[in-house]
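The structure appears below as structure tokens.
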Amino acid sequence: MTLLSVRGLTVRHGNAVVVDGVDFDVAPGEALGIVGESGSGKTQTALALLGLTPGSADVSGSIRLDGQELVGATEPVLDAVRATRIAMVFQDPLQALNPYLRIGAQLGHVLEAHGLSTGRETGERVVAMLDAVGLPDPARQVLAWPHELSGGMRQRVMIAAALIAEPAILVADEPTTALDVTVQAQILALLDRLRRDTALLLITHDLGVVAGQCERVLVMDRGRVAETGATRDVFGAPSANATRALLDAVPRLDAPGPAARDAPGLLAAEGLSVRYRARRGKALAAVKSADLELKEGETLAIVGESGSGKSTLARAILGLVSPAAGTVVYAGQALARDLVDRAGTTRRDLQLVFQDPAASLDPQMRVSSIVGEPRAIAGNPATAGEITAALADVGLDTTFLDRYAHQLSGGQAQRVAIARALIARPTVLVCDEAVAALDGTVRTTVLALLREIQARTGLAILFIAHDLAVVRQIAHRVAVMYLGEIVELAPGNELFERPRHPYTRALLDAVPPPPGEAGRPAVLPGEVPSPLSPPPGCVFHPRCRYAEDGCRAEAPARRAAGNSSVACRRAEELDLARGRA
Ligand code: SF4
């Protein structure tokens, strides 16, 4: 039996054909994954299913839901179908939720606009749905505004809004891409549990997520279907080059990374603390007395969930936020707290690459000016030859010199951002989620580029990331942060094979297994607590399966354990080498 039948679906934007004759079927209750690189047409396909492509797009072919043709249907017909028969969960819930409506009202509107309930019954169904998606105290949360919730909570609300009318099919477009690995595991488990008879069309670039959720997969490449079949078969024995390229780009947690280096220290944080002033004069401790050392020529990764303080620590090291206490030492010298007070040479030596290359490049400047900017600001303008050489270093030729940022792909823009950082010939590059927004194959190329530059120049890299499989590929050592504290710091291979802190173990267990391999991500219950009211004792104890009375009473200091250091009072007795228990 077929619930959704798509035939010859084609979407054109002007002369560009972004979806080109796509065919697929979805049976009731079935989960179909659609995977592909950015620009492969997967999101455009999803938008066409819901009649949400922009008005200028030309959609042709056939989309039949329960036999009803949706291509060319009138807006009132599509309105009736959306939410009740086919619903969508978007990547960014903050954009998808109405910021001016309390969340209870948003869910209630779905029911009442389609005549599914009224008055008191609506209220009861909304509270029951919020309860089902795991929102704490749902009767109170109906009055919350979207901005008052964490990213994970907002995604739960999106799922509640999509499922409340019990649609026949749920289209989820990158529903976990913006989330931490631990929250991702929670949301995937939730989708699995709640959708029951609802079919799922899961659009993602994460093949591990599809492998765990979907019986069938469809691989898209440049607007067309490259391959489709049972997920196990397609990932186990791919027949299309596009599928092989996607699979080759999946980083593996179990593939050994670079060995720790024995090299002199270059940059250190000593007892660095960052505090922000919050409401009613309360102080929020974003980073608490962090100690770490980056060695010459090494990559030190800092990982942890959102709110762990990893980006704030990096920014304090760079002088972009002013620490409340502690010192940053570079090449044996204590640095001024604020960037403006640091010597020009030090500012040149420490460079930063941001997550979103498009947003970090000035849209009004050509690539040649963007790359030369740091030297121009330093009063030492780069020659045309130096700019060309900097671009060549990141694999871009002279045809890029005159382009603007909007004329670059995500990967090209990130290369330009790296070239801009490297033209100053820094000794330290801080990469803040610098590959998080890139597709698998582009990410692989940028990581290889960083490794090659490091091998050639001895560059030290502070690599802030939440994707642990990516971190394993590149980091010599890894620091794990939780609620502003470094809870474990260890050589990369050791940390991945024998974590010593229960939080590190939980982070590793939340990563979906590679496509084609058995197992499911394990859910770490709860969320990172508010730094305004951190738990007493060990800050991880409310979520730790190994917590005992002493953990609630006393905060463990980080202490040496072999080549590592760990802040867990039970580190010596726990054997955390085996995961997903
Ligand atoms: Fe868990 Fe206790 Fe160790 Fe904290 S100190 S991580 S609560 S076992």
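Ordering of the structure tokens sets the chain letters (A, B, ...), residue numbers begin anew at 1 in every chain, and ligands are numbered from 1 in the order given.
Proximity to Ala421 of chain A at 9 Å, evaluated using only C-alpha atoms and with sequence-adjacent residues fewer than 5 positions away removed, yields Arg348, Leu350, Gln351, Leu352, Val353, Val371, Pro374, Val416, Pro426 and Leu429 of chain A.
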Requested in this report: Around ligand 1, at most 9 Å away and counting only C-alpha atoms and all ligand atoms, which residues are there? Put them as an NGL selection string, please.
Outcome: :A and (487 or 501-503 or 537-552 or 554-556 or 567-571 or 574)
Query - segment 280-293 of chain A environment, 7 Å, only C-alpha atoms, sequence neighbours closer than 3 positions dropped, as an NGL selection string - result: :A and (265 or 267-277 or 309 or 313 or 484-486 or 531-532)
Go ahead and dump the residues you just picked, all heavy atoms, as a compact mmCIF listing (two decimals), in the first residue's frame.
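Saved the output as part_35.txt:
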# COMPACT_ATOMS: atom_id res chain seq x y z
N GLY A 265 55.37 23.72 25.20
CA GLY A 265 54.11 24.46 25.32
C GLY A 265 54.23 25.82 24.63
O GLY A 265 55.30 26.43 24.60
N LEU A 267 50.97 28.06 24.23
CA LEU A 267 49.90 28.95 24.70
C LEU A 267 49.21 28.25 25.86
O LEU A 267 48.89 27.06 25.76
CB LEU A 267 48.91 29.16 23.54
CG LEU A 267 47.66 29.99 23.83
CD1 LEU A 267 48.03 31.46 24.02
CD2 LEU A 267 46.68 29.87 22.66
N ALA A 268 48.99 28.97 26.96
CA ALA A 268 48.38 28.32 28.11
C ALA A 268 47.31 29.21 28.73
O ALA A 268 47.42 30.44 28.73
CB ALA A 268 49.44 27.98 29.16
N ALA A 269 46.26 28.54 29.22
CA ALA A 269 45.28 29.22 30.08
C ALA A 269 45.58 28.75 31.49
O ALA A 269 45.69 27.55 31.74
CB ALA A 269 43.87 28.84 29.67
N GLU A 270 45.73 29.70 32.41
CA GLU A 270 46.03 29.33 33.79
C GLU A 270 44.95 29.89 34.70
O GLU A 270 44.83 31.12 34.85
CB GLU A 270 47.41 29.87 34.19
CG GLU A 270 48.52 29.20 33.38
CD GLU A 270 49.91 29.77 33.69
OE1 GLU A 270 49.98 30.72 34.51
OE2 GLU A 270 50.88 29.27 33.11
N GLY A 271 44.13 29.01 35.24
CA GLY A 271 43.08 29.43 36.16
C GLY A 271 42.12 30.44 35.54
O GLY A 271 41.64 31.35 36.23
N LEU A 272 41.83 30.29 34.25
CA LEU A 272 41.02 31.29 33.54
C LEU A 272 39.54 31.13 33.89
O LEU A 272 38.96 30.05 33.75
CB LEU A 272 41.23 31.11 32.03
CG LEU A 272 41.11 32.35 31.17
CD1 LEU A 272 42.11 33.42 31.59
CD2 LEU A 272 41.33 31.99 29.70
N SER A 273 38.94 32.22 34.34
CA SER A 273 37.51 32.23 34.67
C SER A 273 36.83 33.36 33.93
O SER A 273 37.40 34.45 33.82
CB SER A 273 37.29 32.43 36.18
OG SER A 273 37.82 31.35 36.91
N VAL A 274 35.63 33.08 33.43
CA VAL A 274 34.84 34.13 32.77
C VAL A 274 33.49 34.17 33.45
O VAL A 274 32.83 33.13 33.61
CB VAL A 274 34.65 33.84 31.26
CG1 VAL A 274 33.81 34.95 30.63
CG2 VAL A 274 35.98 33.71 30.56
N ARG A 275 33.11 35.37 33.87
CA ARG A 275 31.79 35.52 34.50
C ARG A 275 30.99 36.58 33.75
O ARG A 275 31.55 37.57 33.30
CB ARG A 275 31.94 35.94 35.97
CG ARG A 275 32.35 34.78 36.85
CD ARG A 275 32.15 35.11 38.32
NE ARG A 275 33.26 35.86 38.89
CZ ARG A 275 34.39 35.32 39.33
NH1 ARG A 275 34.56 34.02 39.28
NH2 ARG A 275 35.33 36.08 39.84
N TYR A 276 29.71 36.32 33.61
CA TYR A 276 28.83 37.33 33.02
C TYR A 276 27.85 37.79 34.09
O TYR A 276 27.47 37.02 34.97
CB TYR A 276 28.03 36.74 31.84
CG TYR A 276 28.89 36.36 30.66
CD1 TYR A 276 28.92 35.05 30.19
CD2 TYR A 276 29.66 37.31 30.01
CE1 TYR A 276 29.71 34.69 29.11
CE2 TYR A 276 30.45 36.97 28.93
CZ TYR A 276 30.47 35.66 28.47
OH TYR A 276 31.25 35.32 27.40
N ARG A 277 27.45 39.06 33.94
CA ARG A 277 26.44 39.57 34.88
C ARG A 277 25.08 39.20 34.33
O ARG A 277 24.76 39.48 33.18
CB ARG A 277 26.59 41.10 35.00
CG ARG A 277 25.86 41.66 36.16
CD ARG A 277 26.68 42.58 37.05
NE ARG A 277 27.94 42.10 37.57
CZ ARG A 277 28.09 41.26 38.60
NH1 ARG A 277 27.06 40.78 39.23
NH2 ARG A 277 29.28 40.89 39.00
N GLY A 309 30.79 26.12 27.72
CA GLY A 309 31.80 27.15 27.92
C GLY A 309 32.98 27.05 26.97
O GLY A 309 33.93 27.82 27.08
N LEU A 313 35.75 29.99 26.51
CA LEU A 313 37.14 29.79 26.91
C LEU A 313 38.07 30.21 25.77
O LEU A 313 39.06 30.92 25.99
CB LEU A 313 37.36 28.31 27.29
CG LEU A 313 38.81 27.89 27.55
CD1 LEU A 313 39.45 28.74 28.64
CD2 LEU A 313 38.89 26.40 27.94
N GLY A 484 31.13 24.83 32.14
CA GLY A 484 32.21 25.77 32.43
C GLY A 484 33.47 25.15 32.97
O GLY A 484 34.45 25.86 33.20
N GLU A 485 33.49 23.83 33.21
CA GLU A 485 34.67 23.19 33.78
C GLU A 485 35.28 22.18 32.81
O GLU A 485 34.55 21.50 32.10
CB GLU A 485 34.29 22.43 35.07
CG GLU A 485 33.79 23.35 36.15
CD GLU A 485 33.37 22.56 37.41
OE1 GLU A 485 33.84 21.42 37.59
OE2 GLU A 485 32.58 23.11 38.18
N ILE A 486 36.61 22.11 32.81
CA ILE A 486 37.26 21.04 32.06
C ILE A 486 37.20 19.80 32.95
O ILE A 486 37.80 19.77 34.03
CB ILE A 486 38.73 21.39 31.73
CG1 ILE A 486 38.77 22.62 30.80
CG2 ILE A 486 39.43 20.21 31.06
CD1 ILE A 486 40.16 23.16 30.54
N PRO A 531 23.84 27.66 34.30
CA PRO A 531 25.01 28.09 35.05
C PRO A 531 24.67 29.09 36.14
O PRO A 531 25.50 29.38 36.99
CB PRO A 531 25.92 28.71 33.97
CG PRO A 531 25.07 28.93 32.78
CD PRO A 531 23.87 28.05 32.88
N LEU A 532 23.42 29.61 36.12
CA LEU A 532 23.01 30.52 37.20
C LEU A 532 22.77 29.77 38.50
O LEU A 532 22.87 30.34 39.59
CB LEU A 532 21.72 31.24 36.80
CG LEU A 532 21.90 32.47 35.91
CD1 LEU A 532 20.55 32.97 35.44
CD2 LEU A 532 22.66 33.56 36.65
Listing only residues of segment 384-440 of chain A within 12 Å of segment 192-212 of chain A, what is the closest atom pair and its distance in Å (to one decimal) for each, using only C-alpha atoms, sorted by chain and residue number ascending, as CSV?
residue,atom,partner,partner_atom,distance
A:Ala436,CA,A:His205,CA,12.0
A:Ala437,CA,A:His205,CA,10.9
A:Leu438,CA,A:His205,CA,10.0
A:Asp439,CA,A:His205,CA,7.2
A:Gly440,CA,A:His205,CA,7.7
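The nearest approach to Leu468 of chain A among the residues A:Ala390, A:Ala577, A:Ala378, A:Val181, with only C-alpha atoms taken into account, belongs to A:Val181.
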Selection: 10 Å around Asp402 of chain A, only C-alpha atoms, excl. self and same-chain fewer than 5 positions, as a CSV table (one decimal) with N, CA and C atoms, in the first residue's frame:
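Dumped everything to around.csv:
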chain,number,residue,atom,x,y,z
A,365,MET,N,33.2,43.1,0.0
A,365,MET,CA,34.7,43.0,-0.4
A,365,MET,C,34.9,41.8,-1.3
A,366,ARG,N,35.9,42.0,-2.2
A,366,ARG,CA,36.3,40.9,-3.1
A,366,ARG,C,37.2,40.0,-2.3
A,367,VAL,N,37.4,38.8,-2.8
A,367,VAL,CA,38.2,37.8,-2.0
A,367,VAL,C,39.6,38.4,-1.8
A,368,SER,N,40.2,39.1,-2.8
A,368,SER,CA,41.5,39.6,-2.7
A,368,SER,C,41.7,40.5,-1.5
A,369,SER,N,40.6,41.4,-1.3
A,369,SER,CA,40.7,42.3,-0.2
A,369,SER,C,40.4,41.6,1.1
A,407,GLN,N,29.4,34.7,-4.0
A,407,GLN,CA,29.7,33.9,-5.2
A,407,GLN,C,30.6,32.6,-4.8
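For the pair atom CA of Thr43 of chain A and atom CA of Leu508 of chain A, the interatomic distance is 29.1 Å.
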